[in-house]
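Below: final-v1.cif (mmCIF, C-alpha atoms and all ligand atoms)
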```cif
data_work
#
loop_
_atom_site.label_atom_id
_atom_site.label_comp_id
_atom_site.auth_asym_id
_atom_site.auth_seq_id
_atom_site.Cartn_x
_atom_site.Cartn_y
_atom_site.Cartn_z
CA MET A 1 -6.22 -61.97 -78.79
CA THR A 2 -7.64 -61.06 -82.19
CA ALA A 3 -6.67 -57.38 -82.38
CA THR A 4 -3.45 -56.18 -83.98
CA LEU A 5 -1.47 -53.94 -81.66
CA ILE A 6 -0.84 -50.41 -83.00
CA ASP A 7 2.75 -49.70 -82.03
CA GLY A 8 2.63 -45.99 -81.21
CA LYS A 9 6.18 -46.05 -79.93
CA ALA A 10 7.57 -47.32 -83.24
CA ILE A 11 5.45 -44.96 -85.36
CA ALA A 12 6.51 -42.03 -83.14
CA GLU A 13 10.18 -43.01 -83.60
CA THR A 14 9.75 -42.84 -87.39
CA VAL A 15 8.19 -39.36 -87.13
CA LYS A 16 10.92 -38.19 -84.76
CA ALA A 17 13.64 -39.47 -87.12
CA GLN A 18 12.14 -37.32 -89.92
CA VAL A 19 11.95 -34.31 -87.59
CA LYS A 20 15.60 -34.86 -86.61
CA GLU A 21 16.60 -34.67 -90.28
CA GLY A 22 14.61 -31.46 -90.69
CA VAL A 23 16.28 -29.95 -87.65
CA ALA A 24 19.76 -30.86 -88.94
CA TYR A 25 18.95 -29.29 -92.33
CA LEU A 26 17.76 -26.02 -90.73
CA LYS A 27 20.93 -25.90 -88.66
CA SER A 28 23.36 -26.59 -91.49
CA GLU A 29 21.68 -24.48 -94.19
CA TYR A 30 20.15 -21.65 -92.16
CA ASN A 31 22.12 -21.69 -88.90
CA LEU A 32 18.79 -21.92 -87.08
CA THR A 33 17.98 -24.23 -84.19
CA PRO A 34 14.29 -24.80 -83.48
CA GLY A 35 13.44 -23.92 -79.88
CA LEU A 36 10.56 -24.97 -77.66
CA ALA A 37 9.77 -23.12 -74.43
CA THR A 38 7.96 -25.12 -71.76
CA VAL A 39 6.09 -23.42 -68.94
CA LEU A 40 5.35 -25.64 -65.96
CA VAL A 41 3.52 -24.22 -62.95
CA GLY A 42 3.37 -26.18 -59.69
CA GLU A 43 4.35 -29.64 -58.55
CA ARG A 44 1.95 -32.06 -60.23
CA PRO A 45 4.04 -35.21 -60.78
CA ASP A 46 2.23 -36.11 -64.02
CA SER A 47 2.78 -32.64 -65.51
CA ARG A 48 6.43 -32.72 -64.42
CA ALA A 49 6.90 -36.09 -66.11
CA TYR A 50 5.24 -34.94 -69.36
CA VAL A 51 7.31 -31.77 -69.56
CA ALA A 52 10.49 -33.72 -68.81
CA SER A 53 9.82 -36.12 -71.68
CA LYS A 54 9.08 -33.23 -74.06
CA GLN A 55 12.41 -31.63 -73.12
CA LYS A 56 14.21 -34.95 -73.51
CA SER A 57 12.81 -35.36 -77.01
CA CYS A 58 13.95 -31.83 -77.93
CA ALA A 59 17.48 -32.76 -76.88
CA GLU A 60 17.39 -36.06 -78.82
CA LEU A 61 16.32 -34.30 -82.02
CA GLY A 62 18.82 -31.43 -81.70
CA MET A 63 16.29 -28.75 -80.74
CA ASN A 64 16.68 -26.19 -77.97
CA SER A 65 14.33 -26.37 -75.03
CA PHE A 66 13.86 -23.48 -72.66
CA GLY A 67 12.32 -24.78 -69.45
CA HIS A 68 10.47 -22.47 -67.05
CA THR A 69 9.48 -24.22 -63.82
CA LEU A 70 7.45 -21.89 -61.65
CA PRO A 71 5.94 -22.07 -58.16
CA ALA A 72 2.27 -23.07 -57.82
CA ASP A 73 1.43 -19.72 -56.20
CA ILE A 74 2.96 -17.52 -58.92
CA PRO A 75 0.73 -14.45 -59.45
CA GLN A 76 -1.17 -14.24 -62.71
CA ASN A 77 0.63 -11.08 -63.88
CA GLU A 78 4.10 -12.61 -63.35
CA LEU A 79 3.17 -15.70 -65.34
CA LEU A 80 1.69 -13.54 -68.06
CA GLU A 81 4.90 -11.49 -68.26
CA ILE A 82 6.99 -14.66 -68.64
CA VAL A 83 4.82 -15.89 -71.52
CA GLN A 84 4.87 -12.43 -73.12
CA GLY A 85 8.68 -12.49 -72.91
CA LEU A 86 8.76 -15.87 -74.66
CA ALA A 87 6.42 -14.49 -77.31
CA ARG A 88 9.02 -11.79 -78.11
CA ASP A 89 12.07 -14.12 -77.97
CA SER A 90 13.25 -14.95 -81.51
CA GLN A 91 15.04 -18.12 -80.31
CA VAL A 92 11.70 -19.52 -79.15
CA HIS A 93 9.62 -20.95 -82.00
CA GLY A 94 7.06 -22.82 -79.93
CA ILE A 95 5.55 -22.12 -76.51
CA LEU A 96 3.88 -24.82 -74.44
CA ALA A 97 2.08 -23.97 -71.21
CA GLN A 98 1.51 -27.32 -69.54
CA LEU A 99 -2.12 -27.79 -68.52
CA PRO A 100 -3.82 -27.84 -66.11
CA LEU A 101 -2.68 -24.53 -64.66
CA PRO A 102 -3.49 -23.85 -60.96
CA ASN A 103 -7.04 -22.67 -60.17
CA HIS A 104 -6.08 -19.06 -59.39
CA ILE A 105 -4.62 -18.67 -62.90
CA ASP A 106 -6.83 -17.59 -65.79
CA ALA A 107 -5.68 -20.23 -68.29
CA GLU A 108 -7.52 -18.52 -71.13
CA ALA A 109 -5.50 -15.32 -70.60
CA ILE A 110 -2.20 -17.24 -70.47
CA LEU A 111 -2.97 -19.27 -73.61
CA GLY A 112 -4.16 -16.05 -75.24
CA ALA A 113 -0.68 -14.55 -74.73
CA VAL A 114 0.87 -17.27 -76.94
CA PRO A 115 1.08 -15.85 -80.48
CA ILE A 116 -0.66 -18.06 -83.01
CA GLU A 117 2.61 -18.68 -84.91
CA LYS A 118 4.14 -20.13 -81.70
CA ASP A 119 1.04 -22.05 -80.58
CA VAL A 120 2.54 -25.50 -81.20
CA ASP A 121 -0.09 -27.07 -78.92
CA GLY A 122 -2.79 -25.71 -81.23
CA PHE A 123 -4.87 -24.56 -78.24
CA SER A 124 -5.61 -20.97 -79.19
CA PRO A 125 -9.26 -20.24 -80.03
CA LEU A 126 -8.15 -19.05 -83.46
CA ASN A 127 -6.49 -22.41 -84.19
CA VAL A 128 -9.43 -24.37 -82.82
CA GLY A 129 -11.86 -22.16 -84.74
CA ARG A 130 -10.05 -22.73 -88.01
CA LEU A 131 -9.86 -26.46 -87.31
CA SER A 132 -13.62 -26.57 -86.81
CA MET A 133 -14.46 -24.86 -90.10
CA LYS A 134 -14.63 -26.25 -93.60
CA ASN A 135 -11.77 -25.34 -95.93
CA ARG A 136 -9.79 -23.42 -93.29
CA GLU A 137 -6.32 -24.44 -92.23
CA PRO A 138 -5.25 -24.12 -88.59
CA MET A 139 -1.64 -23.01 -87.99
CA PHE A 140 -1.18 -26.10 -85.80
CA VAL A 141 -3.35 -29.11 -85.05
CA PRO A 142 -3.40 -30.16 -81.35
CA CYS A 143 -0.78 -32.85 -80.83
CA THR A 144 -2.76 -35.68 -79.22
CA PRO A 145 -5.62 -35.83 -81.76
CA LEU A 146 -3.16 -35.40 -84.63
CA GLY A 147 -1.19 -38.36 -83.28
CA CYS A 148 -4.39 -40.41 -82.90
CA LEU A 149 -5.30 -39.70 -86.52
CA GLN A 150 -1.91 -40.97 -87.70
CA LEU A 151 -2.35 -44.11 -85.61
CA ILE A 152 -5.77 -44.71 -87.19
CA GLU A 153 -4.28 -44.11 -90.66
CA SER A 154 -1.44 -46.52 -89.92
CA THR A 155 -3.97 -49.38 -89.79
CA GLY A 156 -5.04 -48.80 -93.41
CA THR A 157 -8.68 -48.51 -92.27
CA GLN A 158 -10.80 -46.36 -94.54
CA ILE A 159 -11.87 -43.31 -92.55
CA GLU A 160 -14.13 -41.91 -95.26
CA GLY A 161 -17.67 -43.09 -94.63
CA ALA A 162 -16.72 -44.89 -91.41
CA ARG A 163 -18.70 -44.40 -88.22
CA ALA A 164 -16.45 -42.89 -85.59
CA VAL A 165 -17.29 -42.42 -81.92
CA VAL A 166 -15.23 -40.01 -79.83
CA LEU A 167 -15.68 -40.47 -76.09
CA GLY A 168 -14.99 -37.14 -74.41
CA ARG A 169 -15.43 -33.51 -75.51
CA SER A 170 -12.36 -31.77 -74.09
CA ASN A 171 -10.80 -28.83 -75.92
CA ILE A 172 -7.46 -30.68 -75.94
CA VAL A 173 -8.56 -34.06 -77.34
CA GLY A 174 -12.25 -34.84 -77.89
CA LEU A 175 -13.40 -31.81 -79.85
CA PRO A 176 -10.38 -31.46 -82.16
CA MET A 177 -10.37 -35.26 -82.70
CA ALA A 178 -14.00 -35.13 -83.82
CA PHE A 179 -13.25 -32.35 -86.32
CA LEU A 180 -10.20 -34.15 -87.73
CA LEU A 181 -12.30 -37.27 -88.35
CA LEU A 182 -15.17 -35.21 -89.79
CA HIS A 183 -12.79 -33.50 -92.24
CA ARG A 184 -11.79 -36.97 -93.41
CA ASN A 185 -15.44 -37.69 -94.10
CA ALA A 186 -16.17 -40.00 -91.19
CA THR A 187 -19.63 -39.86 -89.63
CA VAL A 188 -18.74 -38.69 -86.15
CA THR A 189 -20.61 -38.97 -82.86
CA ILE A 190 -19.23 -37.22 -79.78
CA CYS A 191 -20.26 -38.94 -76.55
CA HIS A 192 -19.90 -37.57 -73.02
CA SER A 193 -21.04 -38.04 -69.43
CA ARG A 194 -24.70 -37.25 -70.25
CA THR A 195 -24.95 -39.47 -73.33
CA ARG A 196 -27.83 -41.94 -73.20
CA ASP A 197 -27.49 -45.55 -74.44
CA LEU A 198 -23.71 -45.17 -74.64
CA PRO A 199 -22.92 -48.89 -75.17
CA ASP A 200 -25.32 -49.07 -78.14
CA ILE A 201 -23.74 -46.00 -79.75
CA VAL A 202 -20.19 -47.31 -79.27
CA ARG A 203 -21.23 -50.70 -80.71
CA GLN A 204 -21.93 -49.02 -84.06
CA ALA A 205 -18.46 -47.51 -84.34
CA ASP A 206 -15.81 -48.63 -86.83
CA ILE A 207 -13.42 -46.26 -85.06
CA VAL A 208 -13.49 -45.55 -81.31
CA VAL A 209 -11.34 -42.87 -79.66
CA ALA A 210 -11.60 -43.02 -75.86
CA ALA A 211 -10.57 -39.82 -74.07
CA ILE A 212 -12.66 -39.54 -70.93
CA GLY A 213 -10.11 -40.12 -68.18
CA LYS A 214 -11.96 -43.06 -66.60
CA THR A 215 -10.03 -46.21 -65.81
CA ARG A 216 -10.93 -49.16 -68.10
CA PHE A 217 -14.32 -47.56 -68.83
CA VAL A 218 -14.94 -49.22 -72.21
CA PRO A 219 -15.45 -53.02 -72.04
CA GLY A 220 -15.07 -55.49 -74.88
CA ASP A 221 -18.81 -56.04 -75.30
CA TRP A 222 -19.24 -52.40 -76.40
CA ILE A 223 -16.91 -52.92 -79.34
CA LYS A 224 -17.94 -53.78 -82.89
CA PRO A 225 -15.89 -56.76 -84.09
CA GLY A 226 -12.91 -55.50 -86.12
CA ALA A 227 -13.13 -51.87 -84.94
CA VAL A 228 -10.08 -49.63 -84.54
CA VAL A 229 -9.76 -48.63 -80.88
CA ILE A 230 -7.55 -45.71 -79.86
CA ASP A 231 -7.05 -45.33 -76.11
CA VAL A 232 -6.03 -41.83 -75.00
CA GLY A 233 -6.47 -42.56 -71.28
CA ILE A 234 -3.55 -42.43 -68.85
CA ASN A 235 -4.77 -43.69 -65.46
CA GLU A 236 -2.72 -44.99 -62.55
CA VAL A 237 -3.76 -48.23 -60.84
CA PRO A 238 -2.07 -50.02 -57.89
CA ASP A 239 0.23 -52.87 -58.92
CA ALA A 240 2.15 -54.67 -56.19
CA THR A 241 4.39 -56.39 -58.77
CA LYS A 242 5.94 -53.03 -59.77
CA LYS A 243 8.72 -51.30 -57.84
CA SER A 244 6.69 -48.07 -57.90
CA GLY A 245 3.61 -49.95 -56.63
CA LYS A 246 1.54 -48.70 -59.57
CA ARG A 247 1.14 -48.87 -63.33
CA LEU A 248 -0.66 -47.07 -66.12
CA VAL A 249 -3.84 -48.27 -67.80
CA GLY A 250 -6.14 -46.64 -70.34
CA ASP A 251 -9.81 -45.68 -70.64
CA VAL A 252 -10.37 -48.99 -72.42
CA ASP A 253 -10.44 -52.40 -70.76
CA PHE A 254 -7.55 -53.71 -72.85
CA ASP A 255 -7.94 -57.39 -71.93
CA SER A 256 -11.55 -57.71 -73.09
CA VAL A 257 -11.40 -55.18 -75.96
CA LYS A 258 -8.39 -56.85 -77.59
CA GLU A 259 -10.47 -60.00 -78.08
CA VAL A 260 -13.01 -58.13 -80.25
CA ALA A 261 -11.28 -55.15 -81.89
CA GLY A 262 -9.37 -55.29 -85.17
CA PHE A 263 -6.69 -52.88 -83.96
CA ILE A 264 -5.92 -51.44 -80.54
CA THR A 265 -3.37 -49.06 -79.01
CA PRO A 266 -1.63 -50.18 -75.82
CA VAL A 267 -1.22 -47.97 -72.72
CA PRO A 268 1.59 -47.09 -72.33
CA GLY A 269 3.22 -47.15 -75.77
CA GLY A 270 0.25 -46.05 -77.90
CA VAL A 271 -0.97 -42.46 -78.02
CA GLY A 272 1.52 -40.99 -75.49
CA PRO A 273 4.66 -41.22 -77.65
CA MET A 274 2.71 -39.88 -80.65
CA THR A 275 1.68 -36.74 -78.74
CA ILE A 276 5.33 -35.90 -78.16
CA ALA A 277 6.32 -36.72 -81.75
CA MET A 278 3.59 -34.37 -83.05
CA LEU A 279 4.78 -31.62 -80.71
CA MET A 280 8.29 -31.99 -82.13
CA GLN A 281 6.89 -31.87 -85.67
CA ASN A 282 4.84 -28.74 -84.88
CA THR A 283 7.90 -27.05 -83.34
CA LEU A 284 9.97 -27.81 -86.44
CA THR A 285 7.15 -26.41 -88.62
CA ALA A 286 7.10 -23.22 -86.50
CA ALA A 287 10.87 -22.80 -86.99
CA GLN A 288 10.64 -23.51 -90.74
CA ARG A 289 7.96 -20.80 -91.02
CA ALA A 290 10.12 -18.39 -89.01
CA ALA A 291 12.93 -19.03 -91.52
CA GLY A 292 10.54 -18.27 -94.39
CA LEU A 293 10.74 -21.84 -95.69
CA LEU A 294 7.05 -22.62 -95.23
CA LYS A 295 4.04 -20.45 -95.73
CA PRO A 296 1.97 -19.93 -92.58
N1 LIG B 301 -1.94 -31.45 -70.51
C1 LIG B 301 -2.37 -32.65 -70.95
N2 LIG B 301 -2.09 -32.80 -72.26
C2 LIG B 301 -1.47 -31.68 -72.66
C3 LIG B 301 -0.93 -31.23 -73.89
O1 LIG B 301 -0.98 -31.90 -74.93
N3 LIG B 301 -0.35 -29.99 -73.88
C4 LIG B 301 -0.31 -29.23 -72.77
N4 LIG B 301 0.25 -28.02 -72.87
N5 LIG B 301 -0.80 -29.61 -71.61
C5 LIG B 301 -1.38 -30.83 -71.55
#
```
Now that the file is in, can you turn its structure into structure tokens?
Ligand code: GUN
Amino acid sequence: MTATLIDGKAIAETVKAQVKEGVAYLKSEYNLTPGLATVLVGERPDSRAYVASKQKSCAELGMNSFGHTLPADIPQNELLEIVQGLARDSQVHGILAQLPLPNHIDAEAILGAVPIEKDVDGFSPLNVGRLSMKNREPMFVPCTPLGCLQLIESTGTQIEGARAVVLGRSNIVGLPMAFLLLHRNATVTICHSRTRDLPDIVRQADIVVAAIGKTRFVPGDWIKPGAVVIDVGINEVPDATKKSGKRLVGDVDFDSVKEVAGFITPVPGGVGPMTIAMLMQNTLTAAQRAAGLLKP
């Protein structure tokens, strides 16, 4: 192995410790407890697990979490009313509607009901629009790409002038990731399922962010020696040695990529914990703004 492992778990713990201090200060000086509302619709085990770990982190850091677990067949108008109620609730500083929502739900309308000052996921078109423009500040940056950026920065790699390749163009990860890197003066290429000569493009990258949801899609011989490789993928594969019979792997073929890359994130223990840490940070920011301590 030549690559240095980027310990997302440890970096996330440092961020969460700072958030915990901020929460304690708000409580003692302003009698205000930051609160995150989670809205989970349906039974998807992965979504359930993500929401549970977000709520657990809230508890660890001294924040309130208000969990709404709703049946998969909830009508659109009922779900909308719940989110509108959370929008009015002064104890709720951040609202997170776990995606994906069921097919019969108009996700755009639900996300649109989250006021921008409570949009701790950073998913509203207004936030994304601001993020995509020069010299505009979004209220919140989406948690996963923000966490990826911190992991890249933790390596000490110079982002300015670097060639960065983002694999995937989702609204949640790929697109905002590309803009974050662009704003730090990287030369960014966004690749997707229709990209031609993909291996040759990835081979030019000093920084690779893989967010395509395909198991071990990126092999070691696509990687420029010394590159920083951030693996956003969370894919289940069978593993008879585990009690559960399965384990998680990324979008990157860790075993071959680690022999070539300079730095690499593991799965699990890389990007995942950072996403949650950034959500906690965004929720604290929302509460600090509500208390008038930070400008929007
Ligand atoms: N589904 C997958 N990732 C995310 C996320 O970061 N936030 C929400 N709300 N849903 C998701």
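Across the model, the gap from atom C2 of ligand LIG 301 (chain B) to atom CA of Gln204 of chain A is 29.1 Å.
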message = Could you list, as an NGL selection string, all residues that come within 7 Å of ligand LIG 301 (chain B)? Count all atoms listed in the file.
response = :A and (47 or 96-100 or 121 or 143-144 or 172 or 275)
ask   = Do you know which residues lie at most 10 Å from (-14.5, -36.0, -91.9), with coordinates as in the file and only C-alpha atoms counted, and could you write them as a PyMOL selection string?
value = chain A and resi 134+159-162+164+178-188
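Proximity ranking of A:Thr157, A:Asn135, A:Thr283, A:Gln18 relative to Pro34 of chain A places A:Thr283 first, based on only C-alpha atoms.
You will find atom CA of Phe263 of chain A at 17.8 Å from atom CA of Phe217 of chain A.
Residue nearest Gly292 of chain A, chosen from A:Ile264, A:Tyr30, A:Asp197, A:Ser256 and counting all atoms listed in the file: A:Tyr30.
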Take segment 67-85 of chain A, model N, CA and C atoms, and hand the result over as a PDB file, in the frame of the given file.
```
ATOM      1  N   GLY A  67      13.259 -24.347 -70.491  1.00  0.00           N
ATOM      2  CA  GLY A  67      12.320 -24.780 -69.450  1.00  0.00           C
ATOM      3  C   GLY A  67      12.080 -23.692 -68.408  1.00  0.00           C
ATOM      4  N   HIS A  68      10.826 -23.411 -68.125  1.00  0.00           N
ATOM      5  CA  HIS A  68      10.470 -22.470 -67.050  1.00  0.00           C
ATOM      6  C   HIS A  68       9.618 -23.231 -66.044  1.00  0.00           C
ATOM      7  N   THR A  69      10.211 -23.514 -64.878  1.00  0.00           N
ATOM      8  CA  THR A  69       9.480 -24.220 -63.820  1.00  0.00           C
ATOM      9  C   THR A  69       9.159 -23.209 -62.735  1.00  0.00           C
ATOM     10  N   LEU A  70       7.878 -23.019 -62.479  1.00  0.00           N
ATOM     11  CA  LEU A  70       7.450 -21.890 -61.650  1.00  0.00           C
ATOM     12  C   LEU A  70       6.628 -22.394 -60.463  1.00  0.00           C
ATOM     13  N   PRO A  71       6.678 -21.637 -59.354  1.00  0.00           N
ATOM     14  CA  PRO A  71       5.940 -22.070 -58.160  1.00  0.00           C
ATOM     15  C   PRO A  71       4.428 -22.044 -58.377  1.00  0.00           C
ATOM     16  N   ALA A  72       3.727 -22.928 -57.655  1.00  0.00           N
ATOM     17  CA  ALA A  72       2.270 -23.070 -57.820  1.00  0.00           C
ATOM     18  C   ALA A  72       1.529 -21.779 -57.479  1.00  0.00           C
ATOM     19  N   ASP A  73       2.143 -20.937 -56.619  1.00  0.00           N
ATOM     20  CA  ASP A  73       1.430 -19.720 -56.200  1.00  0.00           C
ATOM     21  C   ASP A  73       1.883 -18.484 -56.986  1.00  0.00           C
ATOM     22  N   ILE A  74       2.523 -18.676 -58.125  1.00  0.00           N
ATOM     23  CA  ILE A  74       2.960 -17.520 -58.920  1.00  0.00           C
ATOM     24  C   ILE A  74       1.744 -16.642 -59.266  1.00  0.00           C
ATOM     25  N   PRO A  75       1.868 -15.311 -59.094  1.00  0.00           N
ATOM     26  CA  PRO A  75       0.730 -14.450 -59.450  1.00  0.00           C
ATOM     27  C   PRO A  75       0.491 -14.453 -60.968  1.00  0.00           C
ATOM     28  N   GLN A  76      -0.751 -14.257 -61.304  1.00  0.00           N
ATOM     29  CA  GLN A  76      -1.170 -14.240 -62.710  1.00  0.00           C
ATOM     30  C   GLN A  76      -0.314 -13.290 -63.560  1.00  0.00           C
ATOM     31  N   ASN A  77      -0.078 -12.065 -63.043  1.00  0.00           N
ATOM     32  CA  ASN A  77       0.630 -11.080 -63.880  1.00  0.00           C
ATOM     33  C   ASN A  77       2.076 -11.485 -64.130  1.00  0.00           C
ATOM     34  N   GLU A  78       2.699 -12.163 -63.137  1.00  0.00           N
ATOM     35  CA  GLU A  78       4.100 -12.610 -63.350  1.00  0.00           C
ATOM     36  C   GLU A  78       4.149 -13.695 -64.413  1.00  0.00           C
ATOM     37  N   LEU A  79       3.200 -14.620 -64.342  1.00  0.00           N
ATOM     38  CA  LEU A  79       3.170 -15.700 -65.340  1.00  0.00           C
ATOM     39  C   LEU A  79       2.913 -15.125 -66.737  1.00  0.00           C
ATOM     40  N   LEU A  80       2.011 -14.177 -66.786  1.00  0.00           N
ATOM     41  CA  LEU A  80       1.690 -13.540 -68.060  1.00  0.00           C
ATOM     42  C   LEU A  80       2.931 -12.860 -68.648  1.00  0.00           C
ATOM     43  N   GLU A  81       3.698 -12.183 -67.779  1.00  0.00           N
ATOM     44  CA  GLU A  81       4.900 -11.490 -68.260  1.00  0.00           C
ATOM     45  C   GLU A  81       5.928 -12.484 -68.804  1.00  0.00           C
ATOM     46  N   ILE A  82       6.040 -13.642 -68.158  1.00  0.00           N
ATOM     47  CA  ILE A  82       6.990 -14.660 -68.640  1.00  0.00           C
ATOM     48  C   ILE A  82       6.568 -15.123 -70.043  1.00  0.00           C
ATOM     49  N   VAL A  83       5.291 -15.415 -70.208  1.00  0.00           N
ATOM     50  CA  VAL A  83       4.820 -15.890 -71.520  1.00  0.00           C
ATOM     51  C   VAL A  83       4.962 -14.785 -72.571  1.00  0.00           C
ATOM     52  N   GLN A  84       4.707 -13.541 -72.171  1.00  0.00           N
ATOM     53  CA  GLN A  84       4.870 -12.430 -73.120  1.00  0.00           C
ATOM     54  C   GLN A  84       6.338 -12.274 -73.536  1.00  0.00           C
ATOM     55  N   GLY A  85       7.257 -12.529 -72.584  1.00  0.00           N
ATOM     56  CA  GLY A  85       8.680 -12.490 -72.910  1.00  0.00           C
ATOM     57  C   GLY A  85       9.054 -13.575 -73.915  1.00  0.00           C
TER      58      GLY A  85
END
```
